[in-house]
Structure formats: structure tokens, C-alpha cells
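Structure below is protein22.txt: compact mmCIF, C-alpha atoms and all ligand atoms.
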# COMPACT_ATOMS: atom_id res chain seq x y z
CA MET V 16 2.45 20.73 -38.59
CA ASN V 17 0.79 19.79 -41.90
CA TYR V 18 -2.92 19.04 -41.97
CA SER V 19 -5.06 17.53 -44.74
CA ASN V 20 -8.42 18.89 -43.59
CA LEU V 21 -7.50 21.99 -41.56
CA LYS V 22 -5.93 25.32 -42.31
CA ILE V 23 -4.23 27.24 -39.53
CA GLU V 24 -3.18 30.86 -39.96
CA ILE V 25 -1.70 32.95 -37.15
CA LYS V 26 -1.80 36.75 -37.26
CA GLU V 27 -1.54 39.31 -34.48
CA SER V 28 -1.75 36.63 -31.76
CA ILE V 29 -4.98 35.22 -33.27
CA ALA V 30 -5.06 31.70 -34.70
CA LEU V 31 -7.69 31.09 -37.35
CA LEU V 32 -8.43 27.36 -37.48
CA THR V 33 -10.48 26.56 -40.59
CA ILE V 34 -12.13 23.17 -41.08
CA ASN V 35 -11.28 22.59 -44.71
CA ARG V 36 -13.40 20.01 -46.55
CA PRO V 37 -15.69 22.40 -48.43
CA ASP V 38 -16.77 19.79 -51.01
CA LYS V 39 -18.31 17.81 -48.10
CA LEU V 40 -19.57 20.95 -46.32
CA ASN V 41 -16.68 20.47 -43.86
CA ALA V 42 -18.21 17.27 -42.46
CA LEU V 43 -16.16 15.79 -39.64
CA ASN V 44 -14.63 12.48 -40.60
CA ARG V 45 -12.28 10.73 -38.16
CA LYS V 46 -9.21 12.32 -39.67
CA THR V 47 -10.63 15.82 -39.35
CA VAL V 48 -11.60 15.25 -35.71
CA GLU V 49 -8.08 13.96 -34.99
CA GLU V 50 -6.58 16.96 -36.74
CA ILE V 51 -8.72 19.37 -34.71
CA GLY V 52 -7.30 17.70 -31.59
CA SER V 53 -3.72 18.09 -32.82
CA GLY V 54 -4.40 21.64 -33.96
CA MET V 55 -5.76 22.57 -30.54
CA ASP V 56 -2.70 21.03 -28.84
CA GLU V 57 -0.43 22.99 -31.16
CA LEU V 58 -2.23 26.31 -30.65
CA THR V 59 -2.64 25.87 -26.89
CA ALA V 60 1.13 25.37 -26.58
CA ASP V 61 2.09 28.18 -28.99
CA GLU V 62 3.14 31.26 -27.03
CA ASN V 63 2.49 33.45 -30.05
CA VAL V 64 -1.21 32.56 -29.91
CA ARG V 65 -3.49 34.28 -27.39
CA GLY V 66 -6.89 33.40 -28.85
CA ILE V 67 -8.42 31.05 -31.42
CA ILE V 68 -11.22 31.40 -33.97
CA ILE V 69 -12.72 28.22 -35.42
CA THR V 70 -14.58 28.49 -38.71
CA GLY V 71 -15.47 26.48 -41.82
CA ALA V 72 -14.08 26.81 -45.35
CA GLY V 73 -16.38 28.34 -47.95
CA GLU V 74 -19.49 30.44 -47.55
CA LYS V 75 -22.05 27.69 -47.12
CA ALA V 76 -21.06 25.65 -44.10
CA PHE V 77 -19.36 25.87 -40.76
CA VAL V 78 -19.57 22.09 -40.37
CA ALA V 79 -22.54 20.06 -41.71
CA GLY V 80 -22.09 17.31 -39.13
CA ALA V 81 -20.09 14.22 -38.44
CA ASP V 82 -19.38 12.35 -41.65
CA ILE V 83 -22.45 10.23 -42.29
CA SER V 84 -20.57 7.88 -44.64
CA GLU V 85 -18.33 6.87 -41.70
CA ILE V 86 -21.19 6.70 -39.19
CA ALA V 87 -23.03 4.26 -41.46
CA ALA V 88 -20.36 1.61 -40.78
CA LEU V 89 -20.24 1.96 -36.99
CA ASP V 90 -21.33 -0.81 -34.61
CA ARG V 91 -21.71 -0.79 -30.80
CA GLU V 92 -18.00 -0.81 -30.01
CA THR V 93 -16.72 1.36 -32.86
CA GLY V 94 -19.64 3.74 -32.29
CA ARG V 95 -18.73 4.17 -28.63
CA LYS V 96 -15.09 4.78 -29.55
CA PHE V 97 -16.03 7.24 -32.31
CA ALA V 98 -18.15 9.28 -29.89
CA ALA V 99 -15.59 9.14 -27.07
CA ALA V 100 -12.81 10.30 -29.40
CA GLY V 101 -14.90 13.25 -30.63
CA GLN V 102 -15.89 14.16 -27.07
CA ALA V 103 -12.23 14.16 -25.98
CA VAL V 104 -11.31 16.56 -28.78
CA PHE V 105 -14.26 18.88 -28.09
CA ASP V 106 -13.45 18.83 -24.34
CA LYS V 107 -9.97 20.01 -25.31
CA ILE V 108 -11.53 23.01 -27.05
CA GLU V 109 -13.76 23.81 -24.07
CA GLN V 110 -10.88 23.46 -21.63
CA CYS V 111 -8.42 25.53 -23.67
CA PRO V 112 -7.02 28.26 -21.37
CA LYS V 113 -7.10 30.73 -24.27
CA PRO V 114 -10.43 32.08 -25.53
CA VAL V 115 -11.86 30.04 -28.41
CA LEU V 116 -14.57 31.64 -30.57
CA ALA V 117 -16.73 29.85 -33.11
CA ALA V 118 -17.27 31.93 -36.26
CA VAL V 119 -20.31 30.06 -37.58
CA ASN V 120 -20.46 30.90 -41.27
CA GLY V 121 -23.24 28.61 -42.53
CA PHE V 122 -24.62 25.17 -41.63
CA ALA V 123 -23.74 24.07 -38.09
CA LEU V 124 -25.58 20.78 -37.93
CA GLY V 125 -25.01 17.75 -35.72
CA GLY V 126 -21.29 17.62 -34.97
CA GLY V 127 -21.03 21.17 -36.34
CA CYS V 128 -23.45 22.52 -33.76
CA GLU V 129 -21.60 20.45 -31.14
CA LEU V 130 -18.27 21.92 -32.28
CA ALA V 131 -19.66 25.45 -32.00
CA MET V 132 -21.04 24.66 -28.53
CA ALA V 133 -17.64 23.40 -27.34
CA CYS V 134 -16.19 26.84 -28.14
CA HIS V 135 -16.34 29.49 -25.42
CA MET V 136 -18.49 31.87 -27.50
CA ARG V 137 -20.41 31.67 -30.76
CA PHE V 138 -20.73 34.38 -33.41
CA ALA V 139 -22.93 33.64 -36.40
CA SER V 140 -23.30 35.05 -39.88
CA GLU V 141 -26.84 35.85 -41.01
CA ASN V 142 -26.95 32.69 -43.17
CA ALA V 143 -25.93 30.36 -40.31
CA ARG V 144 -28.25 27.43 -39.59
CA PHE V 145 -28.16 25.37 -36.42
CA GLY V 146 -29.61 21.99 -35.55
CA GLN V 147 -29.11 18.55 -34.09
CA PRO V 148 -30.78 16.49 -36.85
CA GLU V 149 -29.37 13.13 -35.69
CA VAL V 150 -32.87 11.76 -34.97
CA ASN V 151 -33.55 11.95 -38.73
CA LEU V 152 -30.80 9.35 -39.15
CA GLY V 153 -31.93 7.14 -36.26
CA LEU V 154 -29.06 8.55 -34.20
CA ILE V 155 -28.37 10.69 -31.18
CA PRO V 156 -25.64 13.33 -30.93
CA GLY V 157 -22.35 11.76 -29.82
CA PHE V 158 -19.96 14.69 -29.44
CA GLY V 159 -21.56 16.28 -26.36
CA GLY V 160 -24.73 17.65 -27.97
CA THR V 161 -27.20 16.11 -25.54
CA GLN V 162 -25.23 17.71 -22.70
CA ARG V 163 -24.02 21.11 -23.92
CA LEU V 164 -27.26 22.12 -25.66
CA PRO V 165 -29.45 22.00 -22.50
CA ARG V 166 -26.69 23.75 -20.56
CA LEU V 167 -26.73 26.57 -23.12
CA VAL V 168 -30.40 26.99 -23.99
CA GLY V 169 -32.27 25.17 -21.20
CA LYS V 170 -33.83 21.72 -21.09
CA GLY V 171 -37.12 22.41 -22.88
CA ARG V 172 -35.63 24.21 -25.87
CA ALA V 173 -32.82 21.65 -26.11
CA LEU V 174 -35.25 18.75 -26.08
CA GLN V 175 -37.32 20.45 -28.79
CA LEU V 176 -34.28 20.78 -31.07
CA LEU V 177 -32.97 17.30 -30.22
CA THR V 178 -36.28 15.48 -30.73
CA THR V 179 -37.65 17.34 -33.77
CA GLY V 180 -34.30 17.65 -35.56
CA ASP V 181 -35.53 21.11 -36.62
CA VAL V 182 -32.97 23.45 -38.13
CA ILE V 183 -33.12 27.04 -36.91
CA GLY V 184 -31.77 30.25 -38.38
CA ALA V 185 -29.23 32.61 -36.86
CA ASP V 186 -31.83 34.99 -35.42
CA GLU V 187 -33.66 32.19 -33.61
CA ALA V 188 -30.31 30.82 -32.38
CA PHE V 189 -29.59 34.29 -30.99
CA ARG V 190 -33.04 34.55 -29.41
CA ILE V 191 -32.60 31.30 -27.48
CA GLY V 192 -29.04 32.10 -26.41
CA LEU V 193 -27.26 29.60 -28.61
CA VAL V 194 -25.19 32.35 -30.25
CA ASN V 195 -23.76 35.55 -28.79
CA GLU V 196 -24.26 37.78 -31.84
CA VAL V 197 -25.39 37.66 -35.46
CA VAL V 198 -23.41 39.69 -38.01
CA PRO V 199 -23.25 39.94 -41.82
CA GLN V 200 -21.08 37.17 -43.25
CA ASN V 201 -18.38 39.53 -44.57
CA GLU V 202 -17.95 41.01 -41.09
CA LEU V 203 -17.89 37.74 -39.13
CA LEU V 204 -14.13 37.19 -38.83
CA ASP V 205 -13.48 40.90 -38.16
CA ARG V 206 -16.03 40.90 -35.35
CA CYS V 207 -14.46 37.79 -33.79
CA GLY V 208 -11.03 39.38 -34.13
CA ARG V 209 -12.22 42.54 -32.38
CA ILE V 210 -13.69 40.53 -29.49
CA LEU V 211 -10.36 38.73 -29.08
CA LYS V 212 -8.40 41.99 -29.20
CA THR V 213 -10.56 43.38 -26.41
CA ILE V 214 -9.79 40.24 -24.39
CA PHE V 215 -6.06 40.56 -25.16
CA GLU V 216 -6.02 43.91 -23.31
CA LYS V 217 -6.90 42.08 -20.09
CA SER V 218 -4.77 39.92 -17.85
CA PRO V 219 -4.22 36.58 -19.65
CA LEU V 220 -4.03 34.90 -16.26
CA ALA V 221 -7.39 36.31 -15.17
CA VAL V 222 -8.96 35.39 -18.52
CA SER V 223 -7.80 31.77 -18.32
CA GLU V 224 -8.94 31.55 -14.69
CA VAL V 225 -12.40 32.84 -15.64
CA ILE V 226 -12.67 30.24 -18.42
CA GLU V 227 -11.65 27.46 -16.04
CA MET V 228 -13.95 28.59 -13.24
CA VAL V 229 -16.98 28.83 -15.53
CA ASN V 230 -16.26 25.39 -17.00
CA LYS V 231 -15.61 23.70 -13.67
CA GLY V 232 -18.32 25.53 -11.73
CA LEU V 233 -21.12 24.48 -14.06
CA ASP V 234 -20.45 20.86 -13.11
CA LEU V 235 -20.46 21.54 -9.35
CA ASP V 236 -23.11 22.59 -6.85
CA LEU V 237 -23.06 26.29 -5.95
CA ALA V 238 -21.38 25.84 -2.56
CA ALA V 239 -18.54 23.74 -3.97
CA ALA V 240 -18.15 26.08 -6.94
CA GLU V 241 -17.95 29.14 -4.68
CA LYS V 242 -15.39 27.43 -2.47
CA LEU V 243 -13.29 26.79 -5.55
CA GLU V 244 -13.77 30.38 -6.69
CA ALA V 245 -12.50 31.69 -3.33
CA ILE V 246 -9.38 29.50 -3.56
CA ARG V 247 -8.65 30.69 -7.09
CA PHE V 248 -9.38 34.31 -6.13
CA GLY V 249 -6.69 33.93 -3.47
CA HIS V 250 -4.34 32.43 -6.04
CA ILE V 251 -4.95 35.39 -8.37
CA CYS V 252 -4.36 37.83 -5.47
CA ALA V 253 -0.84 36.40 -5.09
CA GLY V 254 -0.04 37.06 -8.77
CA GLU V 255 1.75 39.88 -10.57
CA ASP V 256 -1.22 40.76 -12.81
CA LYS V 257 -3.42 41.63 -9.84
CA ALA V 258 -0.66 43.79 -8.36
CA GLU V 259 -0.18 45.55 -11.71
CA GLY V 260 -3.91 45.91 -12.49
CA THR V 261 -4.84 47.42 -9.15
CA ALA V 262 -1.73 49.66 -9.06
CA ALA V 263 -2.46 50.93 -12.59
CA PHE V 264 -6.02 51.81 -11.59
CA LEU V 265 -4.86 53.70 -8.51
CA GLU V 266 -2.11 55.48 -10.48
CA LYS V 267 -4.58 56.34 -13.28
CA ARG V 268 -2.58 54.60 -16.03
CA LYS V 269 -3.07 51.61 -18.36
CA PRO V 270 -1.95 48.27 -16.91
CA LYS V 271 0.83 46.20 -18.48
CA PHE V 272 -0.02 42.59 -17.73
CA SER V 273 2.59 39.83 -17.77
CA GLY V 274 0.17 36.92 -17.43
CA LYS V 275 1.77 35.90 -14.14
N1 LIG V 301 -21.58 13.80 -43.81
C1 LIG V 301 -21.05 13.45 -44.99
N2 LIG V 301 -21.22 14.16 -46.11
C2 LIG V 301 -21.94 15.27 -46.04
C3 LIG V 301 -22.53 15.71 -44.83
C4 LIG V 301 -22.31 14.92 -43.68
N3 LIG V 301 -22.79 15.28 -42.48
N4 LIG V 301 -23.20 16.87 -45.07
C5 LIG V 301 -23.03 17.13 -46.37
N5 LIG V 301 -22.27 16.17 -46.96
C6 LIG V 301 -21.84 16.10 -48.35
C7 LIG V 301 -22.98 15.62 -49.26
O1 LIG V 301 -23.10 14.21 -49.23
C8 LIG V 301 -22.51 16.15 -50.59
O2 LIG V 301 -21.50 15.31 -51.07
P1 LIG V 301 -21.47 14.83 -52.64
O3 LIG V 301 -21.37 16.14 -53.40
O4 LIG V 301 -20.26 13.97 -52.76
O5 LIG V 301 -22.77 14.15 -52.88
C9 LIG V 301 -21.85 17.47 -50.22
O6 LIG V 301 -21.52 17.38 -48.84
C10 LIG V 301 -22.76 18.67 -50.43
O7 LIG V 301 -23.95 18.44 -49.70
P2 LIG V 301 -25.42 18.52 -50.34
O8 LIG V 301 -26.34 17.68 -49.50
O9 LIG V 301 -25.36 18.23 -51.79
O10 LIG V 301 -25.75 20.08 -50.12
P3 LIG V 301 -27.19 20.75 -49.99
O11 LIG V 301 -26.95 22.22 -50.08
O12 LIG V 301 -28.16 20.14 -50.93
O13 LIG V 301 -27.68 20.38 -48.52
C11 LIG V 301 -27.42 20.11 -46.11
C12 LIG V 301 -26.98 20.89 -47.38
C13 LIG V 301 -26.52 20.56 -44.98
C14 LIG V 301 -28.89 20.45 -45.80
C15 LIG V 301 -27.27 18.59 -46.36
O14 LIG V 301 -25.97 18.34 -46.86
C16 LIG V 301 -27.47 17.75 -45.13
O15 LIG V 301 -28.60 17.54 -44.70
N6 LIG V 301 -26.36 17.23 -44.56
C17 LIG V 301 -26.40 16.35 -43.42
C18 LIG V 301 -26.69 17.11 -42.14
C19 LIG V 301 -26.78 16.15 -40.97
O16 LIG V 301 -27.66 15.33 -40.86
N7 LIG V 301 -25.80 16.28 -40.05
C20 LIG V 301 -25.73 15.46 -38.88
C21 LIG V 301 -24.90 14.28 -39.13
S1 LIG V 301 -24.84 13.21 -37.72
Could you render the structure as C-alpha cells?
Ligand code: COA
Amino acid sequence: MNYSNLKIEIKESIALLTINRPDKLNALNRKTVEEIGSGMDELTADENVRGIIITGAGEKAFVAGADISEIAALDRETGRKFAAAGQAVFDKIEQCPKPVLAAVNGFALGGGCELAMACHMRFASENARFGQPEVNLGLIPGFGGTQRLPRLVGKGRALQLLTTGDVIGADEAFRIGLVNEVVPQNELLDRCGRILKTIFEKSPLAVSEVIEMVNKGLDLDLAAAEKLEAIRFGHICAGEDKAEGTAAFLEKRKPKFSGK
């Protein structure tokens, strides 16, 4: 598929999805959000893809937010629709059965921070900057920010970022648990690639189950989540990958997983 504001490159089972509006610091206009949704559909369905890295074009920004020139024109109804459409696309990222890593290579503000938070893990370059500055514009986050930020960093820290609009550096983002690791910018994509390659050695079925269980379980109480986990554990026990993984351990050899 052809995209105006995205670049997709696939190499060694890794899809690199680059938000590509560098002259606007990769700000998310409607078209870009729609294209991210289509890109995720395409990559989720593509059997040659086992993991996805999302990054921003250029060295300055991951994504500097939703496009403020479009937000300026929104009213109650169009605003609700704009937010709901963005949420649906970001939910698609979070619910992708393949691991999705954010390679945050610069500003991740507003919708950019929300995009990074929708990914399963976040890796940041040393120049990355994070924030939810919507309050500066008389706005609130609309692509999941008020919900995913407290889930990731806790209520107090989330409320501090959301109410002050403060922008924090990569080290502070690491300290509060918003990012998994901070690496030099020229090593960022390599590091993400290595994480994915480690994951590719595991059972794809087990990996996608883990992603789903973590996503679903966080929205349930512990008892319900554990019940679900037991059901899915049983499901996994009936699969070929569990038979292969346990046999390989006992036979002191490397497993060959089929993803079934
Ligand atoms: N929406 C639309 N356009 C944006 C944008 C956004 N969120 N963020 C940056 N841009 C555009 C700028 O308008 C500018 O376009 P222009 O060259 O046509 O004037 C271009 O990207 C470069 O940005 P600029 O502000 O000149 O870069 P800078 O280095 O001086 O500042 C930022 C970088 C990120 C601090 C600044 O762009 C900024 O504050 N952006 C908005 C962040 C924000 O509030 N995001 C949440 C939105 S809800």
C-alpha cells in the first residue's frame, strides 16, 4: 500500500513504521492517524512480519503531537470523533499480537507521547523529550493519554505531567518508568531490532498470549484476570509450541517453534 505520511520498510521479519512529516515534526493530522491504522492492519496481517518498530522521521522528533492546526477547527462533535478515531487506531497498536516497540527519537509530545504509550515497550534516544502539554492549549489529551499515563507511571506522577504540561527528558522518563531504556540516538534502531530478535527466538504463540493477557488483565480485577490466565494457560498447554519447548528443554536442544 502507498502512504503519504508513513514509510514502511520490512527487513528480517521486522517492520519499521516511520511517521514521515518531518517538516511538521511528524505531527499527527487526520490522514496520518488513518494511515497508521491502515499500516498496522497491513503489518498485523503480513506473515513476513513478526515485530514492529514505530519511529519518527528525522533526528528531532518522534511525533510532536496531534496537528494543532486541525485541532483548532474542532467543535464538540468533531472533537469527539477526532479523539475516538485516534483512540481506535492506538488501541489497534496496543492490541497487536506481534510486539510493537516505540523508538522515540526526539520530541514525543501530546499525541506523540500517547502513540509511544500505546506501543508495548518504549526505547528512547538521549535527546528524547516527553510530555502531555495539552493544558497549555486549553485541551486535554484525546488519544488515551489520561488513561495510559497513570497506568504506566502511577496516578501522582501522571497528574503532575498532565496538569503542569511539563516536558521531561529521557533520563527522567526512564526514572519514572515511562521508557524501558535510554540509548544514544545512533544506536536506537539497532537496540530495538536486537530486542525483537530476542523475542523472535521464543514461541510466537506464547508471546502473543502474554501481550493479550497483560493488556486484558490490567482492565480486570485480580481474581478475574487470574481465571482468564488459567484458561489461556490450558489453551497453551494444548499447543504444539509447549510440546516442542518442554521436549527441547528435556532433550537439551534448542526448540523449533511453529507458533501453533
Ligand atoms: N501540530 C502542528 N504543527 C506542529 C506541531 C503540532 N503539534 N508541532 C510542531 N509543528 C510544526 C510547527 O508549526 C512548525 O511548522 P512551520 O515550520 O510551518 O511553522 C514545524 O512543525 C517546526 O516546529 P517549530 O515549533 O518551529 O520547532 P521548534 O524546534 O521551535 O519547537 C516544539 C519544537 C516541539 C517545542 C514545538 O514545535 C511545539 O511546542 N510543538 C507543539 C507541541 C504540542 O503542544 N503538542 C501537543 C499538541 S495537542
#### Entry: Residue contacts of region 201-209 of chain V (10 Å, only C-alpha atoms) excluding same-chain residues fewer than 3 positions away, as JSON, numbers by chain
{"V": [27, 28, 29, 30, 31, 66, 67, 68, 69, 70, 74, 115, 116, 117, 118, 119, 120, 136, 137, 138, 139, 140, 141, 196, 197, 198, 212, 213, 214, 215]}
### Message
Counting only C-alpha atoms and all ligand atoms, what are the residues, protein, DNA or RNA alike, that approach ligand LIG 301 (chain V) to within 8 Å? I want them as a PyMOL selection string.
### Response
chain V and resi 37-44+75-76+78-86+122+124-127+147-149+151-152+154-156
### Task
Within 6 Å of region 176-186 of chain V, counting all atoms listed in the file, which residues show up once you throw out same-chain ones fewer than 2 positions away? Write them as a ChimeraX atom specification, please.
/V:141,143-148,173-174,188-189
#### Entry: Contacts of region 236-251 of chain V within 10 Å, all atoms listed in the file, excl. fewer than 2 positions in-chain, as a VMD selection string
chain V and resid 220 to 221 224 to 225 227 to 229 231 to 234 253 to 258 275
Given the selection you just returned, output its residues as a file containing C-alpha atoms, formatted as a PDB file, keeping the file's coordinate frame.
ATOM      1  CA  LEU V 220      -4.030  34.900 -16.260  1.00  0.00           C
ATOM      2  CA  ALA V 221      -7.390  36.310 -15.170  1.00  0.00           C
ATOM      3  CA  GLU V 224      -8.940  31.550 -14.690  1.00  0.00           C
ATOM      4  CA  VAL V 225     -12.400  32.840 -15.640  1.00  0.00           C
ATOM      5  CA  GLU V 227     -11.650  27.460 -16.040  1.00  0.00           C
ATOM      6  CA  MET V 228     -13.950  28.590 -13.240  1.00  0.00           C
ATOM      7  CA  VAL V 229     -16.980  28.830 -15.530  1.00  0.00           C
ATOM      8  CA  LYS V 231     -15.610  23.700 -13.670  1.00  0.00           C
ATOM      9  CA  GLY V 232     -18.320  25.530 -11.730  1.00  0.00           C
ATOM     10  CA  LEU V 233     -21.120  24.480 -14.060  1.00  0.00           C
ATOM     11  CA  ASP V 234     -20.450  20.860 -13.110  1.00  0.00           C
ATOM     12  CA  ALA V 253      -0.840  36.400  -5.090  1.00  0.00           C
ATOM     13  CA  GLY V 254      -0.040  37.060  -8.770  1.00  0.00           C
ATOM     14  CA  GLU V 255       1.750  39.880 -10.570  1.00  0.00           C
ATOM     15  CA  ASP V 256      -1.220  40.760 -12.810  1.00  0.00           C
ATOM     16  CA  LYS V 257      -3.420  41.630  -9.840  1.00  0.00           C
ATOM     17  CA  ALA V 258      -0.660  43.790  -8.360  1.00  0.00           C
ATOM     18  CA  LYS V 275       1.770  35.900 -14.140  1.00  0.00           C
TER      19      LYS V 275
END
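Here CA of Pro114 (chain V) is placed at a distance of 14.2 Å from CA of Gly274 (chain V).
The spacing separating CA of Ile34 (chain V) from CA of Asn20 (chain V) amounts to 6.2 Å.
The space between CA of Glu129 (chain V) and CA of Lys217 (chain V) spans 28.4 Å.
Residue neighbourhood of Val168 (chain V), excluding near-sequence residues (fewer than 6 positions): Leu174, Ala188, Arg190, Ile191, Gly192, Leu193 and Val194 of chain V, at 10 Å, using only C-alpha atoms.
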Those residues with C-alpha atoms, as an mmCIF file, in the frame of the given file please?
data_model
loop_
_atom_site.group_PDB
_atom_site.id
_atom_site.type_symbol
_atom_site.label_atom_id
_atom_site.label_comp_id
_atom_site.auth_asym_id
_atom_site.auth_seq_id
_atom_site.Cartn_x
_atom_site.Cartn_y
_atom_site.Cartn_z
ATOM 1 C CA LEU V 174 -35.250 18.750 -26.080
ATOM 2 C CA ALA V 188 -30.310 30.820 -32.380
ATOM 3 C CA ARG V 190 -33.040 34.550 -29.410
ATOM 4 C CA ILE V 191 -32.600 31.300 -27.480
ATOM 5 C CA GLY V 192 -29.040 32.100 -26.410
ATOM 6 C CA LEU V 193 -27.260 29.600 -28.610
ATOM 7 C CA VAL V 194 -25.190 32.350 -30.250
#
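Minimum atom-to-atom distances from V:Thr161, V:Asn142, V:Asn35, V:Ser218 to Glu187 (chain V) were compared using all atoms listed in the file, and the lowest value belongs to V:Asn142.
Each of V:Val48, V:Ala87, V:Cys252, V:Val150 was compared to Gln102 (chain V) using all atoms listed in the file, and V:Val48 turns out to be the nearest.
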### Query
Near region 104-108 of chain V, within 9 Å and counting only C-alpha atoms, which residues show up once chain neighbours fewer than 2 positions away are dropped, as a PyMOL selection string?
chain V and resi 48-49+51-53+55-56+99-102+110-112+115+129-130+132-135+158-159
Enclose all atoms of region 166-182 of chain V listed in the file in an axis-aligned box, grow every side by 3 Å, and hand back centre and edge lengths in Å to one decimal, as AutoDock Vina command-line options.
--center_x -32.2 --center_y 21.2 --center_z -29.3 --size_x 17.0 --size_y 17.5 --size_z 23.6
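Using all atoms listed in the file, the shortest contact distance between Glu62 (chain V) and any of V:Ala131, V:Ile25, V:Val222, V:Ala103 is found at V:Ile25.
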